[in-house]
file run-v4.txt (compact mmCIF, C-alpha atoms and all ligand atoms)
# COMPACT_ATOMS: atom_id res chain seq x y z
CA MET Q 1 137.59 -20.02 -35.47
CA THR Q 2 139.40 -19.82 -38.75
CA GLU Q 3 137.36 -20.58 -41.85
CA ILE Q 4 140.28 -21.35 -44.12
CA LEU Q 5 141.36 -24.92 -44.87
CA ARG Q 6 144.71 -25.92 -43.45
CA ILE Q 7 146.12 -28.60 -45.74
CA ALA Q 8 148.96 -30.72 -44.29
CA VAL Q 9 151.45 -32.21 -46.77
CA GLN Q 10 154.70 -34.08 -46.26
CA LYS Q 11 157.60 -31.68 -45.87
CA SER Q 12 160.13 -33.79 -47.69
CA GLY Q 13 159.83 -37.33 -48.92
CA ARG Q 14 158.15 -39.54 -51.44
CA LEU Q 15 154.76 -37.80 -51.20
CA SER Q 16 155.96 -34.19 -51.28
CA ASP Q 17 156.38 -33.42 -54.98
CA ASP Q 18 153.14 -35.03 -56.13
CA SER Q 19 151.16 -33.48 -53.25
CA LEU Q 20 152.32 -29.97 -54.14
CA LYS Q 21 151.87 -30.64 -57.85
CA LEU Q 22 148.25 -31.66 -57.23
CA ILE Q 23 147.52 -28.51 -55.22
CA LYS Q 24 149.10 -26.36 -57.95
CA GLU Q 25 147.19 -28.21 -60.70
CA CYS Q 26 144.01 -27.30 -58.82
CA GLY Q 27 144.93 -23.70 -59.55
CA ILE Q 28 145.97 -22.88 -55.98
CA ARG Q 29 148.99 -20.58 -55.80
CA PHE Q 30 151.28 -20.44 -52.77
CA ASP Q 31 154.89 -19.60 -52.06
CA ASN Q 32 156.77 -22.62 -50.73
CA GLY Q 33 160.18 -21.07 -50.21
CA ALA Q 34 162.89 -23.35 -48.83
CA GLY Q 35 162.52 -24.13 -45.15
CA LYS Q 36 159.00 -22.72 -44.91
CA LEU Q 37 156.71 -24.74 -42.66
CA ARG Q 38 153.51 -22.92 -43.59
CA ALA Q 39 152.46 -21.09 -46.71
CA PRO Q 40 149.21 -19.18 -47.23
CA ALA Q 41 147.47 -19.70 -50.56
CA ALA Q 42 147.15 -16.57 -52.66
CA ASN Q 43 143.87 -17.32 -54.41
CA PHE Q 44 142.01 -19.93 -52.33
CA PRO Q 45 140.96 -19.87 -48.66
CA ALA Q 46 143.71 -22.28 -47.64
CA GLU Q 47 147.08 -22.56 -45.99
CA ILE Q 48 149.63 -25.33 -46.60
CA LEU Q 49 151.45 -26.90 -43.60
CA PHE Q 50 154.64 -28.87 -44.19
CA LEU Q 51 154.97 -31.78 -41.71
CA ARG Q 52 156.36 -35.28 -41.24
CA ASP Q 53 153.93 -37.71 -42.80
CA ASP Q 54 153.49 -39.75 -39.60
CA ASP Q 55 152.26 -36.65 -37.75
CA ILE Q 56 149.62 -35.69 -40.31
CA PRO Q 57 146.73 -38.03 -39.27
CA GLY Q 58 147.01 -36.85 -35.65
CA TYR Q 59 146.93 -33.19 -36.64
CA VAL Q 60 143.89 -33.82 -38.83
CA GLU Q 61 142.12 -35.74 -36.06
CA ASP Q 62 142.76 -32.86 -33.66
CA GLY Q 63 141.51 -30.35 -36.24
CA VAL Q 64 144.85 -28.47 -36.19
CA ALA Q 65 144.95 -29.29 -39.89
CA HIS Q 66 141.67 -29.80 -41.75
CA LEU Q 67 143.00 -31.86 -44.63
CA GLY Q 68 146.06 -34.00 -45.12
CA ILE Q 69 147.76 -35.98 -47.85
CA VAL Q 70 149.36 -39.23 -46.61
CA GLY Q 71 150.01 -42.78 -47.73
CA GLU Q 72 147.04 -44.99 -46.97
CA ASN Q 73 149.48 -47.24 -45.08
CA VAL Q 74 150.11 -44.39 -42.62
CA ALA Q 75 146.44 -43.41 -42.47
CA VAL Q 76 145.41 -46.98 -41.59
CA GLU Q 77 148.34 -47.74 -39.26
CA THR Q 78 147.87 -44.60 -37.17
CA ALA Q 79 144.13 -45.43 -36.89
CA ARG Q 80 143.08 -41.86 -36.21
CA ASP Q 81 139.52 -40.67 -36.26
CA VAL Q 82 139.56 -39.04 -39.72
CA ASP Q 83 137.70 -39.50 -43.00
CA THR Q 84 139.42 -40.69 -46.17
CA VAL Q 85 137.81 -38.41 -48.73
CA TYR Q 86 139.77 -39.17 -51.89
CA ARG Q 87 142.22 -41.70 -53.31
CA LEU Q 88 144.83 -39.72 -55.19
CA GLY Q 89 146.49 -42.42 -57.31
CA PHE Q 90 150.16 -41.53 -56.69
CA SER Q 91 152.86 -42.99 -54.38
CA LYS Q 92 151.51 -46.47 -54.99
CA CYS Q 93 153.23 -49.23 -53.03
CA ARG Q 94 152.46 -52.39 -51.13
CA LEU Q 95 153.06 -53.72 -47.64
CA SER Q 96 154.55 -57.17 -48.02
CA ILE Q 97 156.07 -60.01 -46.05
CA GLY Q 98 159.66 -60.88 -46.90
CA ILE Q 99 161.65 -63.91 -45.80
CA PRO Q 100 165.25 -64.96 -46.48
CA ARG Q 101 165.78 -65.90 -50.11
CA GLY Q 102 165.83 -69.63 -50.69
CA GLU Q 103 163.60 -70.42 -47.73
CA LYS Q 104 160.49 -72.40 -48.64
CA TYR Q 105 157.12 -70.67 -48.35
CA GLY Q 106 153.70 -72.22 -48.83
CA SER Q 107 151.30 -69.82 -47.14
CA ILE Q 108 151.02 -67.25 -44.37
CA LYS Q 109 150.50 -70.20 -41.97
CA ASP Q 110 154.24 -70.87 -42.34
CA LEU Q 111 154.86 -67.79 -40.19
CA HIS Q 112 153.15 -69.39 -37.18
CA GLY Q 113 155.52 -69.15 -34.20
CA LYS Q 114 157.99 -66.94 -36.08
CA SER Q 115 159.14 -63.40 -35.37
CA ILE Q 116 158.45 -60.60 -37.86
CA ALA Q 117 160.04 -57.13 -37.84
CA THR Q 118 157.87 -54.23 -39.02
CA SER Q 119 157.01 -50.55 -38.65
CA TYR Q 120 153.36 -51.51 -39.24
CA PRO Q 121 152.38 -53.57 -36.16
CA ARG Q 122 148.69 -52.72 -36.40
CA ILE Q 123 148.13 -53.66 -40.05
CA LEU Q 124 150.33 -56.76 -39.69
CA GLY Q 125 148.68 -57.78 -36.42
CA LYS Q 126 145.24 -57.63 -37.97
CA TYR Q 127 146.34 -59.62 -41.02
CA LEU Q 128 147.85 -62.34 -38.82
CA GLN Q 129 144.75 -62.42 -36.65
CA ASP Q 130 142.44 -62.66 -39.69
CA ASN Q 131 144.53 -65.61 -40.88
CA GLU Q 132 144.71 -67.20 -37.41
CA VAL Q 133 148.49 -67.03 -37.36
CA GLU Q 134 150.28 -66.44 -34.07
CA ALA Q 135 153.61 -64.74 -34.63
CA GLN Q 136 155.76 -62.38 -32.64
CA ILE Q 137 155.78 -58.82 -33.96
CA HIS Q 138 158.98 -56.78 -33.44
CA GLU Q 139 158.21 -53.13 -34.00
CA ILE Q 140 161.11 -51.13 -35.37
CA GLY Q 141 161.14 -47.62 -36.76
CA GLY Q 142 163.14 -48.13 -39.94
CA SER Q 143 165.76 -50.20 -41.80
CA VAL Q 144 163.41 -53.12 -41.30
CA GLU Q 145 164.96 -55.17 -44.09
CA ILE Q 146 168.16 -55.62 -42.10
CA ALA Q 147 166.40 -57.52 -39.28
CA PRO Q 148 166.74 -61.13 -40.53
CA SER Q 149 170.43 -60.80 -41.39
CA ILE Q 150 171.30 -59.57 -37.88
CA GLY Q 151 169.14 -62.17 -36.17
CA LEU Q 152 166.51 -59.76 -34.90
CA ALA Q 153 163.61 -61.48 -36.64
CA GLU Q 154 162.91 -64.31 -39.05
CA ALA Q 155 160.80 -62.30 -41.46
CA VAL Q 156 159.94 -58.68 -42.27
CA CYS Q 157 156.80 -56.81 -43.19
CA ASP Q 158 157.61 -53.57 -44.97
CA ILE Q 159 156.70 -51.24 -47.80
CA VAL Q 160 157.80 -52.48 -51.20
CA SER Q 161 157.84 -50.59 -54.44
CA SER Q 162 160.33 -51.96 -56.98
CA GLY Q 163 161.41 -54.83 -54.72
CA SER Q 164 165.09 -53.96 -54.99
CA THR Q 165 165.55 -53.23 -51.26
CA LEU Q 166 164.28 -56.69 -50.34
CA LEU Q 167 166.49 -58.23 -52.99
CA SER Q 168 169.63 -56.41 -51.93
CA ASN Q 169 169.06 -57.54 -48.35
CA GLY Q 170 168.81 -61.20 -49.32
CA LEU Q 171 165.03 -61.35 -48.94
CA GLN Q 172 162.18 -62.59 -51.13
CA GLU Q 173 158.68 -61.11 -51.21
CA VAL Q 174 156.22 -63.88 -50.38
CA GLU Q 175 152.92 -62.20 -49.51
CA THR Q 176 151.30 -58.80 -50.06
CA ILE Q 177 149.11 -57.85 -47.12
CA PHE Q 178 148.05 -54.29 -48.05
CA ARG Q 179 148.04 -52.11 -51.18
CA SER Q 180 148.52 -48.40 -50.71
CA GLU Q 181 148.39 -45.09 -52.54
CA ALA Q 182 148.29 -41.47 -51.43
CA VAL Q 183 144.94 -40.47 -49.96
CA MET Q 184 143.37 -37.23 -48.84
CA ILE Q 185 142.10 -37.35 -45.28
CA ALA Q 186 139.81 -34.81 -43.65
CA SER Q 187 138.91 -33.76 -40.16
CA ARG Q 188 135.45 -34.81 -38.94
CA ASN Q 189 134.77 -31.39 -37.46
CA LEU Q 190 134.73 -29.07 -40.43
CA SER Q 191 132.55 -26.00 -40.33
CA ASP Q 192 129.97 -25.60 -43.09
CA THR Q 193 132.22 -23.04 -44.77
CA GLN Q 194 135.24 -25.35 -44.60
CA GLN Q 195 133.15 -28.21 -45.95
CA SER Q 196 132.14 -26.10 -48.93
CA HIS Q 197 135.83 -25.17 -49.55
CA LEU Q 198 136.62 -28.90 -49.40
CA ASP Q 199 133.81 -29.71 -51.86
CA GLN Q 200 135.24 -27.11 -54.22
CA LEU Q 201 138.75 -28.55 -53.85
CA LEU Q 202 137.52 -32.11 -54.49
CA PHE Q 203 135.66 -30.90 -57.57
CA ARG Q 204 138.91 -29.38 -58.88
CA ILE Q 205 140.89 -32.56 -58.10
CA LYS Q 206 138.35 -34.65 -59.99
CA SER Q 207 138.51 -32.26 -62.95
CA VAL Q 208 142.33 -32.39 -62.97
CA GLN Q 209 142.25 -36.18 -62.93
CA ALA Q 210 139.52 -36.42 -65.56
CA ALA Q 211 141.58 -34.18 -67.86
CA LYS Q 212 144.50 -36.60 -67.58
CA ASN Q 213 142.52 -39.71 -68.48
O1 LIG Q 301 160.23 -37.91 -43.08
P1 LIG Q 301 158.87 -38.49 -43.15
O2 LIG Q 301 158.49 -39.26 -41.90
O3 LIG Q 301 157.84 -37.47 -43.57
O4 LIG Q 301 158.92 -39.55 -44.38
P2 LIG Q 301 159.12 -41.14 -44.40
O5 LIG Q 301 160.57 -41.41 -44.57
O6 LIG Q 301 158.37 -41.79 -43.29
O7 LIG Q 301 158.29 -41.52 -45.69
P3 LIG Q 301 158.71 -41.67 -47.24
O8 LIG Q 301 158.89 -40.32 -47.85
O9 LIG Q 301 159.80 -42.66 -47.41
O10 LIG Q 301 157.37 -42.36 -47.79
C1 LIG Q 301 156.15 -41.69 -47.74
C2 LIG Q 301 155.07 -42.62 -48.30
O11 LIG Q 301 155.39 -42.97 -49.65
C3 LIG Q 301 154.95 -43.96 -47.60
O12 LIG Q 301 154.18 -43.90 -46.41
C4 LIG Q 301 154.25 -44.80 -48.68
O13 LIG Q 301 152.86 -44.56 -48.66
C5 LIG Q 301 154.81 -44.22 -49.99
N1 LIG Q 301 155.84 -45.06 -50.63
C6 LIG Q 301 155.84 -45.41 -51.94
C7 LIG Q 301 156.94 -45.61 -50.06
C8 LIG Q 301 157.62 -46.30 -51.07
N2 LIG Q 301 156.91 -46.16 -52.22
C9 LIG Q 301 158.84 -47.00 -50.74
N3 LIG Q 301 159.43 -47.62 -51.62
N4 LIG Q 301 157.42 -45.57 -48.79
C10 LIG Q 301 158.57 -46.19 -48.51
N5 LIG Q 301 159.29 -46.91 -49.41
C11 LIG Q 301 160.58 -47.51 -48.90
C12 LIG Q 301 160.33 -48.79 -48.09
O14 LIG Q 301 160.15 -48.50 -46.73
C13 LIG Q 301 161.60 -49.59 -48.33
O15 LIG Q 301 162.61 -49.25 -47.41
O16 LIG Q 301 161.43 -47.87 -49.95
C14 LIG Q 301 162.02 -49.15 -49.71
C15 LIG Q 301 161.51 -50.15 -50.70
O17 LIG Q 301 161.53 -49.65 -52.00
P4 LIG Q 301 161.89 -50.63 -53.22
O18 LIG Q 301 161.63 -49.80 -54.45
O19 LIG Q 301 163.35 -50.97 -53.06
O20 LIG Q 301 160.99 -51.82 -53.13
ZN ZN Q 302 157.36 -40.93 -41.92
call {"tool": "encode", "arguments": {"input": "run-v4.txt", "output": "C-alpha cells", "more": "lines below"}}
Ligand code: PRT
Ligand code: ZN
result
Amino acid sequence: MTEILRIAVQKSGRLSDDSLKLIKECGIRFDNGAGKLRAPAANFPAEILFLRDDDIPGYVEDGVAHLGIVGENVAVETARDVDTVYRLGFSKCRLSIGIPRGEKYGSIKDLHGKSIATSYPRILGKYLQDNEVEAQIHEIGGSVEIAPSIGLAEAVCDIVSSGSTLLSNGLQEVETIFRSEAVMIASRNLSDTQQSHLDQLLFRIKSVQAAKN
C-alpha cells in the first residue's frame, strides 16, 4: 500500500490552470510536461494524476486517487462516496434554468409538465422534487443550450458563468438552482500517514489563501 497522496486534477479545461497553480503555491514541485498523465512531486509525498473531471469522483471513491479537485457541480451530480474537505474559491459558476427569451416566467412551478434538457439530471431532479414540480428531464451530454431551438426540450438547465452562451442561443436565465466552485474531495479510506499528509496540505492551502486576503 502506497503512502503517498495521489492528487487527481483535470487534464485540460476550466479547472486545470488554477488547480496546478494552487498545488505549486503550496510549494509542491512537479514536472507536468505536455501529454503527461502522471507526475511525481519532487518535494512532497504526492503524485499528480491528470484526468477528465467527470472521472475524478469515481477514482477518489475507489481510492485509486486519494484527493481530487473538481467543480462542486460534478462532485454533487456524480454522488460518489467521498468527503468534500475544502472549498477552493475558483471556477465559480451556477447551475441555472433557461427558457426561450420573451417567454413569461413567474416561478419554477411554470415548468410543471414541461421538458428540460440537462447534463445534471440528479441535481435538477432533486430541485424539481423539492419544489413539487413534475417535469420531464432529457439528459444530454453537452451543447445543452441548443435543445429548445431544435425542439428537443422546452427549457434547459446548465452551467452559467457570464450568461453569454444562454443569450447567444436565444435563452434567458430564470432561476439559479445550485451555486458551485472548485472543491477538494478526499477518499474515505486514507491511511493515518496519508491523512497526516492531507492535513499538512490543507494547512498550506489555508496559509496560501490567508496570504491573499
Ligand atoms: O474534458 P473534461 O470533461 O475534463 O472537461 P469539461 O468540458 O467537462 O469541463 P470544463 O473544463 O468546461 O469545466 C470544468 C468545471 O468548471 C465545471 O464542472 C464547472 O464547475 C466549472 N465552470 C465554471 C464551468 C463554467 N464556469 C462554464 N462557463 N463549466 C462550464 N461552463 C460552460 C457551460 O457548460 C456553458 O456551456 O460554459 C458555458 C456557459 O458559459 P457563459 O460564460 O457563456 O455563461
Ligand atoms: Zn467533464
call {"tool": "residues_around", "arguments": {"input": "run-v4.txt", "residues": "Phe30 of chain Q", "least_positions_apart": "2", "cutoff": "12 Å", "atoms": "only C-alpha atoms", "output": "PDB file with C-alpha atoms, keeping the file's coordinate frame"}}
result
ATOM      1  CA  ILE Q   7     146.120 -28.600 -45.740  1.00  0.00           C
ATOM      2  CA  LEU Q  20     152.320 -29.970 -54.140  1.00  0.00           C
ATOM      3  CA  LYS Q  21     151.870 -30.640 -57.850  1.00  0.00           C
ATOM      4  CA  ILE Q  23     147.520 -28.510 -55.220  1.00  0.00           C
ATOM      5  CA  LYS Q  24     149.100 -26.360 -57.950  1.00  0.00           C
ATOM      6  CA  GLU Q  25     147.190 -28.210 -60.700  1.00  0.00           C
ATOM      7  CA  CYS Q  26     144.010 -27.300 -58.820  1.00  0.00           C
ATOM      8  CA  GLY Q  27     144.930 -23.700 -59.550  1.00  0.00           C
ATOM      9  CA  ILE Q  28     145.970 -22.880 -55.980  1.00  0.00           C
ATOM     10  CA  ASN Q  32     156.770 -22.620 -50.730  1.00  0.00           C
ATOM     11  CA  GLY Q  33     160.180 -21.070 -50.210  1.00  0.00           C
ATOM     12  CA  LYS Q  36     159.000 -22.720 -44.910  1.00  0.00           C
ATOM     13  CA  ARG Q  38     153.510 -22.920 -43.590  1.00  0.00           C
ATOM     14  CA  ALA Q  39     152.460 -21.090 -46.710  1.00  0.00           C
ATOM     15  CA  PRO Q  40     149.210 -19.180 -47.230  1.00  0.00           C
ATOM     16  CA  ALA Q  41     147.470 -19.700 -50.560  1.00  0.00           C
ATOM     17  CA  ALA Q  42     147.150 -16.570 -52.660  1.00  0.00           C
ATOM     18  CA  ASN Q  43     143.870 -17.320 -54.410  1.00  0.00           C
ATOM     19  CA  PHE Q  44     142.010 -19.930 -52.330  1.00  0.00           C
ATOM     20  CA  PRO Q  45     140.960 -19.870 -48.660  1.00  0.00           C
ATOM     21  CA  ALA Q  46     143.710 -22.280 -47.640  1.00  0.00           C
ATOM     22  CA  GLU Q  47     147.080 -22.560 -45.990  1.00  0.00           C
ATOM     23  CA  ILE Q  48     149.630 -25.330 -46.600  1.00  0.00           C
ATOM     24  CA  LEU Q  49     151.450 -26.900 -43.600  1.00  0.00           C
TER      25      LEU Q  49
END
call {"tool": "residues_near_ligand", "arguments": {"input": "run-v4.txt", "ligand": "ligand LIG 301 (chain Q)", "cutoff": "7 Å", "atoms": "only C-alpha atoms and all ligand atoms", "output": "number ranges by chain"}}
result
Q: 10-15, 51-54, 70-74, 91-93, 143, 158-166, 180-182
call {"tool": "closest_residue", "arguments": {"input": "run-v4.txt", "among": "Q:Ile140, Q:Val208, Q:Val183, Q:Leu198", "to": "Gly89 of chain Q", "atoms": "all atoms listed in the file"}}
result
Q:Val183
call {"tool": "closest_residue", "arguments": {"input": "run-v4.txt", "among": "Q:Asn169, Q:Thr176, Q:Thr78, Q:Ser19", "to": "Ser96 of chain Q", "atoms": "only C-alpha atoms"}}
result
Q:Thr176
call {"tool": "closest_residue", "arguments": {"input": "run-v4.txt", "among": "Q:Ala155, Q:Ala75, Q:Leu37, Q:Ile116", "to": "ligand ZN 302 (chain Q)", "atoms": "all atoms listed in the file"}}
result
Q:Ala75
